[in-house]
$ cat run-v2.tsv   # TSV, C-alpha atoms
chain	number	residue	atom	x	y	z
A	248	MET	CA	0.00	0.00	0.00
A	249	PHE	CA	1.46	3.30	-1.12
A	250	LYS	CA	0.55	6.83	-0.23
A	251	ILE	CA	1.27	9.84	-2.40
A	252	ARG	CA	2.38	12.53	-0.03
A	253	SER	CA	2.64	15.52	-2.38
A	254	VAL	CA	2.79	16.22	-6.10
A	255	ILE	CA	3.87	19.42	-7.81
A	256	ALA	CA	2.45	19.23	-11.37
A	257	VAL	CA	3.12	21.33	-14.37
A	258	ALA	CA	0.38	23.90	-14.79
A	259	GLY	CA	-1.24	24.20	-18.19
A	260	PRO	CA	-2.11	21.58	-20.82
A	261	LEU	CA	0.67	19.68	-22.58
A	262	LEU	CA	0.99	20.02	-26.32
A	263	LEU	CA	2.03	17.47	-28.89
A	264	ALA	CA	5.72	16.79	-29.51
A	265	GLY	CA	6.77	18.05	-26.03
A	266	THR	CA	5.38	21.58	-26.45
A	267	LEU	CA	3.20	23.46	-24.00
A	268	ALA	CA	0.32	25.78	-24.83
A	269	ALA	CA	1.27	29.41	-25.17
A	270	PRO	CA	-0.60	32.63	-25.48
A	271	PRO	CA	-1.42	33.86	-29.00
A	272	ALA	CA	1.64	34.24	-31.15
A	273	HIS	CA	3.16	37.62	-31.63
A	274	ALA	CA	4.35	38.97	-34.89
A	275	ASP	CA	8.10	39.03	-35.43
A	276	HIS	CA	7.99	42.75	-35.16
A	277	THR	CA	6.95	42.57	-31.40
A	278	PRO	CA	9.44	44.50	-29.34
A	279	GLU	CA	11.86	42.27	-27.41
A	280	HIS	CA	10.82	43.35	-23.95
A	281	THR	CA	7.18	42.60	-24.75
A	282	ARG	CA	8.14	39.17	-26.03
A	283	GLN	CA	10.13	38.46	-22.79
A	284	GLN	CA	7.11	39.43	-20.71
A	285	ALA	CA	4.94	37.04	-22.72
A	286	ARG	CA	7.48	34.22	-22.36
A	287	GLN	CA	7.75	34.85	-18.61
A	288	GLN	CA	3.99	34.64	-18.31
A	289	THR	CA	3.93	31.41	-20.29
A	290	CYS	CA	6.69	29.93	-18.13
A	291	GLU	CA	5.02	30.89	-14.86
A	292	GLN	CA	1.69	29.45	-16.05
A	293	ALA	CA	3.57	26.18	-16.63
A	294	GLY	CA	4.87	26.36	-13.02
A	295	GLY	CA	8.41	27.14	-14.07
A	296	THR	CA	11.05	29.76	-13.52
A	297	TYR	CA	11.81	32.05	-16.45
A	298	THR	CA	15.38	33.09	-17.29
A	299	ALA	CA	15.82	35.64	-20.08
A	300	GLY	CA	18.82	35.52	-22.37
A	301	PRO	CA	20.34	38.54	-24.11
A	302	ILE	CA	17.79	40.64	-25.96
A	303	GLU	CA	19.67	40.18	-29.20
A	304	GLU	CA	19.62	36.38	-28.71
A	305	PRO	CA	16.01	35.42	-27.94
A	306	GLY	CA	16.81	31.75	-28.57
A	307	ARG	CA	18.66	31.60	-25.26
A	308	ASP	CA	15.53	32.28	-23.15
A	309	ARG	CA	14.86	29.36	-20.81
A	310	CYS	CA	12.02	28.07	-18.62
A	311	LEU	CA	12.95	25.63	-15.84
A	312	VAL	CA	10.03	23.48	-14.59
A	313	VAL	CA	10.57	21.36	-11.43
A	314	THR	CA	8.02	18.76	-10.31
A	315	GLU	CA	8.21	16.68	-7.13
A	316	THR	CA	6.28	13.51	-6.31
A	317	SER	CA	6.41	11.77	-2.87
A	318	VAL	CA	5.12	8.26	-2.24
A	319	THR	CA	5.11	6.67	1.28
A	320	GLY	CA	4.59	2.92	1.68
A	321	PRO	CA	5.57	-0.13	3.74
A	322	TYR	CA	8.35	-2.50	2.87
A	323	GLY	CA	10.00	-5.62	4.23
A	324	ALA	CA	8.59	-8.21	6.65
A	325	PRO	CA	6.21	-7.19	9.44
A	326	THR	CA	7.52	-6.68	12.99
A	327	THR	CA	5.66	-7.96	16.06
A	328	THR	CA	6.39	-6.31	19.41
A	329	PHE	CA	5.04	-7.00	22.86
A	330	SER	CA	4.61	-4.46	25.68
A	331	GLU	CA	5.66	-5.01	29.26
A	332	PRO	CA	3.13	-7.15	31.16
A	333	ARG	CA	0.74	-5.12	33.29
A	334	PRO	CA	-1.84	-6.15	35.87
A	335	ASP	CA	-5.37	-6.80	34.77
A	336	ASP	CA	-7.34	-4.84	37.33
A	337	THR	CA	-10.49	-6.84	36.63
A	338	SER	CA	-9.05	-10.13	37.91
A	339	ALA	CA	-7.30	-10.63	41.24
A	340	ILE	CA	-7.77	-13.57	43.61
A	341	VAL	CA	-6.56	-13.24	47.21
A	342	LEU	CA	-6.38	-16.34	49.44
A	343	ASN	CA	-5.35	-16.21	53.10
A	344	GLY	CA	-3.90	-19.35	54.67
A	345	PRO	CA	-4.50	-20.48	58.25
A	346	SER	CA	-2.84	-18.64	61.13
A	347	THR	CA	0.09	-20.42	62.77
A	348	PRO	CA	2.15	-19.56	65.88
A	349	ASP	CA	5.04	-17.26	65.14
A	350	GLY	CA	7.97	-17.29	67.57
A	351	GLU	CA	7.91	-17.84	71.32
A	352	PRO	CA	5.00	-16.53	73.40
A	353	THR	CA	5.57	-13.54	75.66
A	354	THR	CA	4.25	-13.12	79.20
A	355	ALA	CA	3.40	-9.81	80.84
A	356	SER	CA	2.93	-9.53	84.62
A	357	GLU	CA	0.78	-7.03	86.48
A	358	PHE	CA	0.39	-6.65	90.24
A	359	ARG	CA	-3.05	-5.74	91.54
A	360	ASP	CA	-4.31	-4.78	95.02
A	361	VAL	CA	-6.81	-7.13	96.65
A	362	GLY	CA	-9.29	-5.74	99.15
A	363	ASP	CA	-8.67	-2.88	101.57
A	364	ALA	CA	-5.37	-2.22	103.24
A	365	THR	CA	-4.98	-2.76	107.01
A	366	ASP	CA	-3.13	-0.32	109.27
A	367	VAL	CA	-1.35	-1.13	112.56
A	368	VAL	CA	-0.52	1.98	114.56
A	369	THR	CA	2.03	1.94	117.43
A	370	VAL	CA	3.55	4.72	119.48
A	371	ILE	CA	7.30	4.36	119.99
A	372	PRO	CA	8.93	6.39	122.80
A	373	ASP	CA	12.36	7.87	122.26
A	374	THR	CA	15.10	8.61	124.80
A	375	PRO	CA	13.64	10.86	127.52
A	376	THR	CA	15.30	14.02	128.77
A	377	THR	CA	15.12	15.19	132.42
A	378	THR	CA	15.21	18.77	133.63
A	379	GLU	CA	14.96	20.15	137.22
A	380	ARG	CA	14.01	23.53	138.69
A	381	THR	CA	13.86	24.74	142.26
A	382	GLU	CA	11.22	27.09	143.57
A	383	ARG	CA	11.41	28.91	146.96
A	384	GLY	CA	8.54	29.04	149.46
A	385	THR	CA	7.60	31.58	152.16
A	386	PRO	CA	10.53	32.35	154.45
A	387	THR	CA	10.25	32.29	158.30
A	388	SER	CA	12.47	34.25	160.72
A	389	ALA	CA	13.58	33.64	164.38
A	390	GLU	CA	15.55	36.02	166.67
A	391	ALA	CA	18.05	34.99	169.33
A	392	PRO	CA	20.29	37.07	171.58
A	393	GLY	CA	23.98	37.09	170.96
A	394	THR	CA	27.18	39.00	171.48
A	395	ARG	CA	29.91	40.49	169.47
A	396	ASP	CA	33.02	42.50	169.71
A	397	CYS	CA	34.07	40.78	172.91
A	398	GLU	CA	37.37	41.85	174.47
A	399	ARG	CA	39.17	40.80	177.69
A	400	VAL	CA	38.99	43.33	180.46
A	401	ASN	CA	40.77	41.56	183.45
A	402	ASN	CA	44.37	40.65	184.14
A	403	ASP	CA	45.90	37.98	182.02
A	404	ASN	CA	46.94	36.24	185.19
A	405	ALA	CA	43.36	35.76	186.33
A	406	LYS	CA	41.94	32.25	186.31
A	407	LYS	CA	39.14	33.18	183.95
A	408	PRO	CA	39.11	35.85	181.31
A	409	VAL	CA	36.40	38.47	181.78
A	410	GLU	CA	35.08	39.67	178.43
A	411	LYS	CA	33.14	42.80	177.79
A	412	CYS	CA	30.77	42.32	174.79
A	413	GLU	CA	28.05	44.18	172.99
A	414	ARG	CA	24.69	42.58	173.14
A	415	THR	CA	23.24	41.63	169.68
A	416	VAL	CA	20.09	40.24	168.19
A	417	VAL	CA	20.76	37.33	165.72
A	418	THR	CA	17.96	36.90	163.14
A	419	THR	CA	17.81	33.49	161.41
A	420	THR	CA	15.68	33.38	158.20
A	421	THR	CA	14.70	29.93	156.85
A	422	THR	CA	13.26	29.69	153.27
A	423	PRO	CA	11.81	26.28	152.31
A	424	THR	CA	12.40	25.02	148.68
A	425	THR	CA	10.61	22.63	146.34
A	426	VAL	CA	12.49	20.73	143.55
A	427	TYR	CA	10.39	20.06	140.41
A	428	THR	CA	11.62	17.28	138.06
A	429	THR	CA	10.28	17.27	134.45
A	430	VAL	CA	10.75	14.16	132.30
A	431	THR	CA	10.13	14.81	128.55
A	432	THR	CA	9.77	11.72	126.35
A	433	PRO	CA	9.60	12.23	122.52
A	434	GLN	CA	7.06	9.99	120.77
A	435	THR	CA	6.79	8.67	117.21
A	436	GLU	CA	3.60	7.26	115.75
A	437	ARG	CA	4.46	4.43	113.39
A	438	THR	CA	1.84	3.15	110.96
A	439	VAL	CA	2.47	-0.18	109.23
A	440	THR	CA	0.14	-0.62	106.22
A	441	THR	CA	-0.35	-4.08	104.79
A	442	GLN	CA	-1.95	-4.37	101.34
A	443	ARG	CA	-2.75	-7.82	100.00
A	444	ARG	CA	-1.83	-8.27	96.34
A	445	GLU	CA	-2.00	-10.74	93.50
A	446	GLU	CA	0.11	-11.21	90.37
A	447	CYS	CA	-1.79	-11.47	87.11
A	448	ARG	CA	-0.01	-13.00	84.10
A	449	THR	CA	-1.14	-12.56	80.49
A	450	THR	CA	0.42	-14.72	77.78
A	451	THR	CA	0.45	-13.49	74.17
A	452	GLN	CA	1.29	-15.75	71.24
A	453	GLN	CA	1.95	-13.94	67.97
A	454	THR	CA	0.68	-15.58	64.77
A	455	SER	CA	1.22	-15.21	61.05
A	456	PHE	CA	-0.44	-16.38	57.87
A	457	VAL	CA	0.50	-16.69	54.22
A	458	ARG	CA	-1.43	-14.59	51.72
A	459	THR	CA	-1.39	-15.74	48.10
A	460	THR	CA	-2.39	-13.17	45.51
A	461	THR	CA	-3.06	-14.35	41.95
A	462	GLN	CA	-3.08	-11.33	39.67
A	463	GLY	CA	-4.14	-11.62	36.06
A	464	GLN	CA	-1.86	-9.95	33.52
A	465	VAL	CA	-2.29	-8.68	29.99
A	466	GLN	CA	0.14	-7.73	27.24
A	467	ASP	CA	-0.24	-5.55	24.14
A	468	ARG	CA	0.70	-7.18	20.79
A	469	THR	CA	1.52	-4.73	18.01
A	470	VAL	CA	2.17	-5.69	14.35
A	471	SER	CA	3.83	-2.99	12.23
A	472	TYR	CA	5.72	-2.50	8.97
A	473	ARG	CA	8.65	-0.28	8.30
A	474	GLN	CA	7.82	2.52	5.88
A	475	ARG	CA	9.84	4.74	3.61
A	476	THR	CA	9.07	7.82	1.57
A	477	ILE	CA	10.37	7.95	-2.02
A	478	THR	CA	10.57	11.49	-3.34
A	479	THR	CA	11.04	11.91	-7.13
A	480	THR	CA	12.21	15.32	-8.32
A	481	THR	CA	11.92	15.97	-12.13
A	482	THR	CA	13.67	19.01	-13.54
A	483	THR	CA	12.81	19.89	-17.18
A	484	THR	CA	14.43	22.69	-19.15
A	485	PHE	CA	12.34	24.35	-21.91
A	486	SER	CA	13.21	26.84	-24.60
A	487	PHE	CA	10.81	28.93	-26.68
A	488	ASN	CA	10.02	28.47	-30.37
A	489	GLY	CA	9.22	31.28	-32.77
A	490	ARG	CA	5.62	31.36	-31.53
A	491	ASP	CA	6.84	31.77	-27.91
A	492	GLN	CA	5.65	28.30	-27.06
A	493	LEU	CA	7.57	26.02	-24.67
A	494	GLN	CA	9.51	23.24	-26.28
A	495	GLN	CA	11.58	20.65	-24.43
A	496	ILE	CA	15.29	20.88	-25.13
A	497	VAL	CA	17.24	17.76	-26.06
A	498	PHE	CA	20.76	17.99	-24.67
A	499	PRO	CA	23.34	15.86	-26.48
A	500	SER	CA	25.24	14.82	-23.36
A	501	ALA	CA	22.78	15.25	-20.49
A	502	PRO	CA	19.29	13.93	-19.88
A	503	ASN	CA	16.35	16.30	-20.02
A	504	PRO	CA	14.39	16.04	-17.91
A	505	ARG	CA	16.76	15.22	-15.04
A	506	ILE	CA	15.21	12.81	-12.47
A	507	ARG	CA	16.47	12.52	-8.86
A	508	MET	CA	15.04	10.05	-6.34
A	509	GLU	CA	15.51	10.29	-2.52
A	510	THR	CA	14.45	7.62	-0.01
A	511	VAL	CA	13.77	8.63	3.64
A	512	GLU	CA	12.68	6.37	6.53
A	513	ALA	CA	9.09	7.23	7.60
A	514	GLU	CA	6.93	6.49	10.60
A	515	PRO	CA	6.13	2.77	10.88
A	516	LEU	CA	2.75	1.55	9.72
A	517	ILE	CA	0.81	-0.18	12.50
A	518	THR	CA	-1.52	-2.78	11.03
A	519	SER	CA	-2.90	-4.30	14.25
A	520	ARG	CA	-2.78	-3.83	18.04
A	521	THR	CA	-4.40	-6.32	20.41
A	522	THR	CA	-4.43	-6.86	24.16
A	523	ASN	CA	-4.08	-10.50	25.17
A	524	PRO	CA	-4.12	-12.22	28.58
A	525	ILE	CA	-0.86	-13.90	29.61
A	526	GLN	CA	0.32	-16.08	32.46
A	527	PRO	CA	-0.93	-14.54	35.76
A	528	SER	CA	1.54	-13.48	38.42
A	529	ILE	CA	1.43	-15.26	41.77
A	530	LYS	CA	2.77	-13.47	44.84
A	531	THR	CA	3.02	-14.94	48.33
A	532	GLU	CA	3.73	-12.92	51.45
A	533	THR	CA	3.74	-13.68	55.15
A	534	LEU	CA	1.66	-11.26	57.19
A	535	PRO	CA	1.04	-10.95	60.94
A	536	GLY	CA	-2.22	-12.46	62.13
A	537	GLU	CA	-4.38	-11.90	65.18
A	538	PRO	CA	-2.40	-12.71	68.36
A	539	ILE	CA	-3.68	-15.40	70.73
A	540	VAL	CA	-4.08	-13.86	74.20
A	541	THR	CA	-4.44	-16.11	77.26
A	542	GLY	CA	-5.27	-14.70	80.65
A	543	PRO	CA	-4.95	-12.85	82.80
A	544	VAL	CA	-4.36	-15.64	85.35
A	545	CYS	CA	-4.04	-14.21	88.88
A	546	THR	CA	-2.35	-15.83	91.91
A	547	PRO	CA	-1.75	-14.39	95.41
A	548	THR	CA	1.70	-12.94	96.03
A	549	ASP	CA	3.58	-11.28	98.86
A	550	PRO	CA	1.69	-8.36	100.37
A	551	LYS	CA	2.96	-4.83	99.98
A	552	ILE	CA	4.06	-3.43	103.36
A	553	THR	CA	4.74	0.25	103.81
A	554	THR	CA	5.81	2.04	106.98
A	555	THR	CA	5.19	5.71	107.72
A	556	ASN	CA	6.31	7.65	110.80
A	557	ARG	CA	4.73	10.75	112.29
A	558	GLU	CA	6.14	12.79	115.17
A	559	LEU	CA	3.72	13.22	118.09
A	560	GLU	CA	3.68	15.76	120.91
A	561	PRO	CA	6.19	14.62	123.54
A	562	LEU	CA	4.96	13.05	126.79
A	563	ILE	CA	5.74	15.37	129.73
A	564	VAL	CA	5.64	14.11	133.38
A	565	GLU	CA	6.42	16.52	136.20
A	566	THR	CA	7.11	15.50	139.87
A	567	SER	CA	8.11	17.55	142.95
A	568	ARG	CA	10.00	16.94	146.25
A	569	PRO	CA	11.08	19.18	149.12
A	570	GLY	CA	14.51	20.64	148.62
A	571	ASP	CA	17.11	21.86	151.04
A	572	PRO	CA	15.95	25.04	152.84
A	573	VAL	CA	17.85	28.22	152.32
A	574	VAL	CA	19.01	29.56	155.78
A	575	THR	CA	20.40	33.06	156.20
A	576	THR	CA	21.46	34.85	159.41
A	577	SER	CA	21.93	38.52	160.23
A	578	THR	CA	23.34	40.13	163.39
A	579	ARG	CA	22.19	43.49	164.71
A	580	GLY	CA	23.88	45.24	167.64
A	581	THR	CA	21.76	46.66	170.50
A	582	GLY	CA	24.37	49.01	171.92
A	583	GLN	CA	24.10	47.33	175.37
A	584	THR	CA	27.11	45.92	177.20
A	585	CYS	CA	27.33	42.58	178.92
A	586	TYR	CA	30.07	40.43	180.45
A	587	ASN	CA	31.13	36.90	180.03
A	588	ASN	CA	32.67	35.26	183.17
A	589	PRO	CA	31.77	38.28	185.35
A	590	SER	CA	34.01	38.75	188.42
A	591	ASN	CA	32.13	41.31	190.53
A	592	ALA	CA	28.55	42.10	191.42
A	593	GLU	CA	28.13	44.82	188.84
A	594	GLN	CA	29.36	42.56	186.07
A	595	ARG	CA	27.14	39.76	187.30
A	596	ARG	CA	24.11	42.02	187.13
A	597	ASN	CA	24.93	42.53	183.49
A	598	THR	CA	26.01	39.03	182.47
A	599	CYS	CA	25.71	38.05	178.82
A	600	SER	CA	24.26	34.57	179.41
$ encode --input "run-v2.tsv" --output "C-alpha cells"
Amino acid sequence: MFKIRSVIAVAGPLLLAGTLAAPPAHADHTPEHTRQQARQQTCEQAGGTYTAGPIEEPGRDRCLVVTETSVTGPYGAPTTTFSEPRPDDTSAIVLNGPSTPDGEPTTASEFRDVGDATDVVTVIPDTPTTTERTERGTPTSAEAPGTRDCERVNNDNAKKPVEKCERTVVTTTTTPTTVYTTVTTPQTERTVTTQRREECRTTTQQTSFVRTTTQGQVQDRTVSYRQRTITTTTTTTFSFNGRDQLQQIVFPSAPNPRIRMETVEAEPLITSRTTNPIQPSIKTETLPGEPIVTGPVCTPTDPKITTTNRELEPLIVETSRPGDPVVTTSTRGTGQTCYNNPSNAEQRRNTCS
C-alpha cells in the first residue's frame, strides 16, 4: 500500500511533440521586452522559472520546470512487538492461609491490690530528757540574843578571862524550797500498712499467615511494517520556439528532464494492536495475624508493706519533792554591854548569858 504525499504538477495543458500551450503568437515585429514578458507569463503558467537571455539572442531564453512527487509505503517483513506485562485490574484472587504460631510466646505480669489495706498503729517512745528547777517558798524568821566585839577586860593572870561584849540580836531566816523534776519523752507514731496483692499474668502468642495473591496480567501485541518515503524530483528545461511556445530541449550529453530520487525512513505503519491475557503473576507474602491472648491468670503474692512515721507531741511528766531550805542569818547590835565570866557584882548584874 502506497501513499502519495505531495505532487507538484506542471500547470497548463501539454501540447504534442513536447510543447506546452502558449498565449497567441506575436508577430516578429513585437518589441523584445514585450516578447520576454509574454514568455515569462507562459513559463510561470507552466509552473516554471523564467530566465531571459540577451535581448539580441532570444533563442537563449529558458524556462525551468521542477516537479516533485512523494510516495510513502511499507516495505520488508512485518515486525511484532510485545509491551511489558501489566496487571489486569479486573481479575485478582486473594487467598489467606490459616494462622500459625510465630515465635515464642511472651508473658506480661501485672500486680493488683486485693481488698482494703490494714493499718497497725504503734507509738514508739524515744530517749527521755530530764530537767529540774527549784522554787522557793515563804521564808520564816527567828531572833536569838547574841554577842559580838568581845574583848578581855581583866588581868591575864586571872583564872578566867572576863570579856566585855556588845549585846546583839541574831535573826535566822529559813526559806523552804521545792524541787520540780520534768521528764520529757519524745514519741513517734508508726503506721504499718499491709496491702494484699495478687500477680496477674497474660500470655500473648503472635501468629502469622500466608497470603497468596493471583493477579491476572495482559500484554499488548503490536504488528507494524517499516515505511519509507520515495521522493522523485523531475527538472525539465524548456526553450521557446518562434511562436513563444515552450519546447523541451534535447541535450546531447545530459538527460532532459533530469530525475532525482531520494528515499527517507518514515513512521512505521501499525496494522494491528491487540491486548491479550498472559500467564498470571502469583505473589506470596507472610503477614502478621491476630495474636492469641491467654489470661490474665491471677495468683496471690507477697503483700505490699509500707511504713510511715509521724512525730507526736512529747509526753511530759512533772514531779516535785522538798529541797534543802535556804538559811540566812543577820546580826544586829543593841548598843548594850554585857560580860562573860563576870568577876564582881556589877558585872554579874549585866552578864551576857
$ residues_around --input "run-v2.tsv" --residues "stretch 509-524 of chain A" --least-positions-apart "6" --cutoff "8 Å" --atoms "only C-alpha atoms" --output "ChimeraX atom specification"
/A:319,321,463-479
$ write_last_selection --input "run-v2.tsv" --atoms "C-alpha atoms" --output "PDB file, in the coordinates of the input"
ATOM      1  CA  THR A 319       5.110   6.670   1.280  1.00  0.00           C
ATOM      2  CA  PRO A 321       5.570  -0.130   3.740  1.00  0.00           C
ATOM      3  CA  GLY A 463      -4.140 -11.620  36.060  1.00  0.00           C
ATOM      4  CA  GLN A 464      -1.860  -9.950  33.520  1.00  0.00           C
ATOM      5  CA  VAL A 465      -2.290  -8.680  29.990  1.00  0.00           C
ATOM      6  CA  GLN A 466       0.140  -7.730  27.240  1.00  0.00           C
ATOM      7  CA  ASP A 467      -0.240  -5.550  24.140  1.00  0.00           C
ATOM      8  CA  ARG A 468       0.700  -7.180  20.790  1.00  0.00           C
ATOM      9  CA  THR A 469       1.520  -4.730  18.010  1.00  0.00           C
ATOM     10  CA  VAL A 470       2.170  -5.690  14.350  1.00  0.00           C
ATOM     11  CA  SER A 471       3.830  -2.990  12.230  1.00  0.00           C
ATOM     12  CA  TYR A 472       5.720  -2.500   8.970  1.00  0.00           C
ATOM     13  CA  ARG A 473       8.650  -0.280   8.300  1.00  0.00           C
ATOM     14  CA  GLN A 474       7.820   2.520   5.880  1.00  0.00           C
ATOM     15  CA  ARG A 475       9.840   4.740   3.610  1.00  0.00           C
ATOM     16  CA  THR A 476       9.070   7.820   1.570  1.00  0.00           C
ATOM     17  CA  ILE A 477      10.370   7.950  -2.020  1.00  0.00           C
ATOM     18  CA  THR A 478      10.570  11.490  -3.340  1.00  0.00           C
ATOM     19  CA  THR A 479      11.040  11.910  -7.130  1.00  0.00           C
TER      20      THR A 479
END
$ residues_near_point --input "run-v2.tsv" --point "(-8.8, -20.1, 48.0)" --cutoff "12 Å" --atoms "only C-alpha atoms" --output "ChimeraX atom specification"
/A:339-345,457-461
$ closest_residue --input "run-v2.tsv" --among "A:Ala364, A:Thr450, A:Thr584, A:Thr281" --to "A:Arg596" --atoms "all atoms listed in the file"
A:Thr584
$ atom_distance --input "run-v2.tsv" --atom1 "atom CA of A:Pro538" --atom2 "atom CA of A:Asp349"
9.3 Å
$ residues_around --input "run-v2.tsv" --residues "stretch 499-505 of chain A" --least-positions-apart "4" --cutoff "8 Å" --atoms "all atoms listed in the file" --output "list in words"
Thr481, Thr482, Thr483, Thr484 and Gln495 of chain A
$ residues_around --input "run-v2.tsv" --residues "A:Pro569" --least-positions-apart "5" --cutoff "7 Å" --atoms "all atoms listed in the file" --output "list in words"
Thr424, Thr425 and Val426 of chain A
$ write_last_selection --input "run-v2.tsv" --atoms "C-alpha atoms" --output "PDB file, keeping the file's coordinate frame"
ATOM      1  CA  THR A 424      12.400  25.020 148.680  1.00  0.00           C
ATOM      2  CA  THR A 425      10.610  22.630 146.340  1.00  0.00           C
ATOM      3  CA  VAL A 426      12.490  20.730 143.550  1.00  0.00           C
TER       4      VAL A 426
END
$ atom_distance --input "run-v2.tsv" --atom1 "atom CA of A:Val439" --atom2 "atom CA of A:Thr365"
8.2 Å
$ atom_distance --input "run-v2.tsv" --atom1 "atom CA of A:Asp571" --atom2 "atom CA of A:Thr378"
17.8 Å
$ closest_residue --input "run-v2.tsv" --among "A:Asp403, A:Glu593, A:Asp373, A:Glu445" --to "A:Glu560" --atoms "all atoms listed in the file"
A:Asp373
$ closest_residue --input "run-v2.tsv" --among "A:Gly294, A:Thr420, A:Glu410, A:Gly306" --to "A:Arg595" --atoms "all atoms listed in the file"
A:Glu410
$ residues_around --input "run-v2.tsv" --residues "A:Pro423" --least-positions-apart "4" --cutoff "9 Å" --atoms "only C-alpha atoms" --output "list in words"
Glu382, Arg383, Gly384, Thr385, Pro386, Thr387, Pro569, Gly570, Asp571, Pro572, Val573 and Val574 of chain A
$ closest_residue --input "run-v2.tsv" --among "A:Thr531, A:Asn588, A:Thr429, A:Thr480" --to "A:Arg399" --atoms "only C-alpha atoms"
A:Asn588
$ closest_residue --input "run-v2.tsv" --among "A:Pro372, A:Asp363, A:Pro334, A:Val409" --to "A:Gln526" --atoms "all atoms listed in the file"
A:Pro334
